[in-house]
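> Dumping the structure here so I can ask a few things about it.
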Amino acid sequence: MFIKTKDLELRNLEFDETFKPGEIELGEDLQLTQPLAAKGRAELIRENRGAREVVEDIRLVGDFAAEVKSKCARCLEPVESSVAESFDLIYRPQGIDAVAAEASINRAETEIGYYQNGGVLLEDVLKEQVLLALPVKLICSAQCKGLCPQCGTNLNGGSCNCVSGISDPRWLALEDLRKKLEQ
């Protein structure tokens with residue numbers, strides 16, 4: 001759904017959209033397992049910058065809910081996660097804030113996105129919001145043991161026969177300290 005500034009000049013736009021798995025590409029390691037539901041509104045905010053310059057910002061307010069599937073960051077088994085968040089975003093025309101010299105920005109300005117071609121694609125906004133709402137690393141459980149670093153066996157299903165010794169002599173002092181602490 002492309003939200004155009006020309007349409008928003010007439011009236012605010014209410015949206016209640018559902019995107020099937022595969023309609024929004026989240027990356028190669030992440031996929032939607034259930035439809036992504038999003039509802040909210042888009043409005044045009046006119047910002048006066050002097051007597052003759054008016055900047056047309058798009059404000060998107062709403063919420064979404066999605067179910068995603070990825071691989072566990074430790075054992076690589078499939079893991080599903082639910083995400084549901086609210087958003088209140090401002091999009092400004094690309095290049096409008098460009099300055100010739102280097103300039104600092106304040107915290108409020110870091111919350112502004114930019115659009116081009118007269119509007120913003122709702123699917124792109126939702127993709128960004130889903131990715132921001134997810135944890136950096138999805139894991140199947142807090143007790144996940146992961147994979148053996150030598151043979152790659154999933155340690156959640158059982159142990160392997162690999163020798164877990166310290167191969168680097170620089171770690172021997174810490175190994176001695178660990179043994180003393182265990183006594």
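Ordering of the structure tokens sets the chain letters (A, B, ...); residue numbers start at 1 within each chain; ligands are numbered from 1 in the order shown.
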Apply DSSP to the structure's backbone, then extract all residues of region 63-151 of chain A labelled helix (DSSP H, G or I) and return them as JSON, numbers by chain.
{"A": [107, 108, 109, 110, 111, 122, 123, 124, 125, 126, 127, 128, 129, 130, 131, 132, 133]}
> Just asking: which residues within chain A are strand (DSSP E or B) according to DSSP, as a PyMOL selection string?
chain A and resi 2-4+13-19+31-32+36-48+54-71+78-93+112-116+119-121+147+154
> With C-alpha atoms retained, could you export that selection as a PDB file, in the first residue's frame?

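Final output, saved to out02.pdb:
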ATOM      1  CA  PHE A   2       1.606   3.214  -1.166  1.00  0.00           C
ATOM      2  CA  ILE A   3       0.658   6.208   0.969  1.00  0.00           C
ATOM      3  CA  LYS A   4       0.855   9.374  -1.172  1.00  0.00           C
ATOM      4  CA  LEU A  13      -5.976   7.842   5.638  1.00  0.00           C
ATOM      5  CA  GLU A  14      -7.103   5.029   7.915  1.00  0.00           C
ATOM      6  CA  PHE A  15      -5.554   1.630   7.189  1.00  0.00           C
ATOM      7  CA  ASP A  16      -6.387  -1.869   8.378  1.00  0.00           C
ATOM      8  CA  GLU A  17      -4.197  -4.182   6.337  1.00  0.00           C
ATOM      9  CA  THR A  18      -3.275  -7.853   6.527  1.00  0.00           C
ATOM     10  CA  PHE A  19      -0.193  -9.148   4.715  1.00  0.00           C
ATOM     11  CA  GLN A  31       9.920 -15.334   7.648  1.00  0.00           C
ATOM     12  CA  LEU A  32       6.325 -14.659   8.587  1.00  0.00           C
ATOM     13  CA  LEU A  36       0.926  -9.641   9.629  1.00  0.00           C
ATOM     14  CA  ALA A  37      -1.941  -7.404  10.751  1.00  0.00           C
ATOM     15  CA  ALA A  38      -1.508  -3.637  10.889  1.00  0.00           C
ATOM     16  CA  LYS A  39      -3.973  -0.873  11.554  1.00  0.00           C
ATOM     17  CA  GLY A  40      -3.667   2.825  12.089  1.00  0.00           C
ATOM     18  CA  ARG A  41      -3.759   6.130  10.299  1.00  0.00           C
ATOM     19  CA  ALA A  42      -1.607   8.311   8.096  1.00  0.00           C
ATOM     20  CA  GLU A  43      -1.799  12.079   8.137  1.00  0.00           C
ATOM     21  CA  LEU A  44      -0.028  14.970   6.520  1.00  0.00           C
ATOM     22  CA  ILE A  45       1.791  17.434   8.748  1.00  0.00           C
ATOM     23  CA  ARG A  46       2.817  20.725   7.205  1.00  0.00           C
ATOM     24  CA  GLU A  47       5.925  22.250   8.712  1.00  0.00           C
ATOM     25  CA  ASN A  48       6.501  25.923   7.939  1.00  0.00           C
ATOM     26  CA  VAL A  54       6.549  24.310   3.645  1.00  0.00           C
ATOM     27  CA  VAL A  55       7.699  20.746   4.310  1.00  0.00           C
ATOM     28  CA  GLU A  56       5.085  18.007   4.026  1.00  0.00           C
ATOM     29  CA  ASP A  57       5.773  15.287   6.582  1.00  0.00           C
ATOM     30  CA  ILE A  58       3.861  12.020   6.710  1.00  0.00           C
ATOM     31  CA  ARG A  59       2.930  10.837  10.192  1.00  0.00           C
ATOM     32  CA  LEU A  60       2.052   7.163  10.630  1.00  0.00           C
ATOM     33  CA  VAL A  61       0.428   6.072  13.892  1.00  0.00           C
ATOM     34  CA  GLY A  62      -0.709   2.521  14.479  1.00  0.00           C
ATOM     35  CA  ASP A  63       0.135  -0.937  15.678  1.00  0.00           C
ATOM     36  CA  PHE A  64       0.952  -4.325  14.235  1.00  0.00           C
ATOM     37  CA  ALA A  65       1.117  -7.974  15.258  1.00  0.00           C
ATOM     38  CA  ALA A  66       3.037 -10.773  13.578  1.00  0.00           C
ATOM     39  CA  GLU A  67       4.358 -14.289  14.069  1.00  0.00           C
ATOM     40  CA  VAL A  68       7.851 -14.902  12.727  1.00  0.00           C
ATOM     41  CA  LYS A  69      10.048 -17.954  12.370  1.00  0.00           C
ATOM     42  CA  SER A  70      13.824 -18.033  12.423  1.00  0.00           C
ATOM     43  CA  LYS A  71      16.692 -20.266  13.432  1.00  0.00           C
ATOM     44  CA  PRO A  78      13.513 -23.444  14.133  1.00  0.00           C
ATOM     45  CA  VAL A  79      12.064 -20.993  16.654  1.00  0.00           C
ATOM     46  CA  GLU A  80       8.847 -18.990  16.429  1.00  0.00           C
ATOM     47  CA  SER A  81       8.293 -15.625  18.045  1.00  0.00           C
ATOM     48  CA  SER A  82       5.359 -13.244  18.377  1.00  0.00           C
ATOM     49  CA  VAL A  83       5.822  -9.515  17.997  1.00  0.00           C
ATOM     50  CA  ALA A  84       3.239  -6.821  18.590  1.00  0.00           C
ATOM     51  CA  GLU A  85       4.127  -3.143  18.859  1.00  0.00           C
ATOM     52  CA  SER A  86       2.732   0.320  18.423  1.00  0.00           C
ATOM     53  CA  PHE A  87       4.424   2.975  16.323  1.00  0.00           C
ATOM     54  CA  ASP A  88       4.298   6.728  15.859  1.00  0.00           C
ATOM     55  CA  LEU A  89       6.573   7.691  12.970  1.00  0.00           C
ATOM     56  CA  ILE A  90       7.400  10.804  10.980  1.00  0.00           C
ATOM     57  CA  TYR A  91       8.610  10.655   7.383  1.00  0.00           C
ATOM     58  CA  ARG A  92      10.014  13.721   5.656  1.00  0.00           C
ATOM     59  CA  PRO A  93      10.891  14.235   1.951  1.00  0.00           C
ATOM     60  CA  ILE A 112      12.600  10.845  11.490  1.00  0.00           C
ATOM     61  CA  GLY A 113      12.578   8.686   8.385  1.00  0.00           C
ATOM     62  CA  TYR A 114      12.630   9.918   4.809  1.00  0.00           C
ATOM     63  CA  TYR A 115      10.424   9.200   1.817  1.00  0.00           C
ATOM     64  CA  GLN A 116      10.822   9.707  -1.902  1.00  0.00           C
ATOM     65  CA  GLY A 119       5.001   8.916  -0.507  1.00  0.00           C
ATOM     66  CA  VAL A 120       5.907   5.935   1.615  1.00  0.00           C
ATOM     67  CA  LEU A 121       5.245   2.225   1.143  1.00  0.00           C
ATOM     68  CA  LEU A 147      26.137 -26.668  19.047  1.00  0.00           C
ATOM     69  CA  ASN A 154      23.252 -30.210  18.818  1.00  0.00           C
TER      70      ASN A 154
END
> Hey, which of A:Leu8, A:Ile96, A:Cys75, A:Leu134 ends up closest to Leu26 (chain A)? Count only C-alpha atoms.
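Answer, going by the shortest atom-to-atom distance: A:Leu134.
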> Residues within 12 Å of Cys162 (chain A), please, as a PDB file with N, CA and C atoms, in the first residue's frame. Count only C-alpha atoms; anything in the same chain fewer than 4 positions from it doesn't count.

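Here's the written file around26.pdb:
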ATOM      1  N   LEU A 147      25.430 -25.656  19.822  1.00  0.00           N
ATOM      2  CA  LEU A 147      26.137 -26.668  19.047  1.00  0.00           C
ATOM      3  C   LEU A 147      27.550 -26.855  19.587  1.00  0.00           C
ATOM      4  N   CYS A 148      28.071 -28.064  19.455  1.00  0.00           N
ATOM      5  CA  CYS A 148      29.463 -28.322  19.824  1.00  0.00           C
ATOM      6  C   CYS A 148      30.351 -27.548  18.853  1.00  0.00           C
ATOM      7  N   PRO A 149      31.306 -26.776  19.352  1.00  0.00           N
ATOM      8  CA  PRO A 149      32.149 -25.990  18.449  1.00  0.00           C
ATOM      9  C   PRO A 149      33.090 -26.832  17.595  1.00  0.00           C
ATOM     10  N   GLN A 150      33.299 -28.095  17.983  1.00  0.00           N
ATOM     11  CA  GLN A 150      34.218 -28.925  17.202  1.00  0.00           C
ATOM     12  C   GLN A 150      33.519 -29.785  16.160  1.00  0.00           C
ATOM     13  N   CYS A 151      32.426 -30.481  16.559  1.00  0.00           N
ATOM     14  CA  CYS A 151      31.785 -31.391  15.610  1.00  0.00           C
ATOM     15  C   CYS A 151      30.429 -30.915  15.113  1.00  0.00           C
ATOM     16  N   GLY A 152      29.844 -29.908  15.763  1.00  0.00           N
ATOM     17  CA  GLY A 152      28.565 -29.359  15.316  1.00  0.00           C
ATOM     18  C   GLY A 152      27.343 -30.098  15.820  1.00  0.00           C
ATOM     19  N   THR A 153      27.506 -31.027  16.743  1.00  0.00           N
ATOM     20  CA  THR A 153      26.369 -31.756  17.299  1.00  0.00           C
ATOM     21  C   THR A 153      25.499 -30.820  18.133  1.00  0.00           C
ATOM     22  N   LEU A 155      23.830 -29.991  21.173  1.00  0.00           N
ATOM     23  CA  LEU A 155      24.035 -30.440  22.546  1.00  0.00           C
ATOM     24  C   LEU A 155      22.741 -30.516  23.342  1.00  0.00           C
TER      25      LEU A 155
END
> So that I can see what lies close to region 137-139 of chain A, please list as an NGL selection string the residues with an atom at most 7 Å from it, counting only C-alpha atoms and leaving out residues fewer than 6 positions away in the same chain.
:A and (72-74 or 79)
> For a test of reading the model, state the distance in Å between CA of Leu122 (chain A) and CA of Pro135 (chain A), rounded to one decimal.
22.1 Å
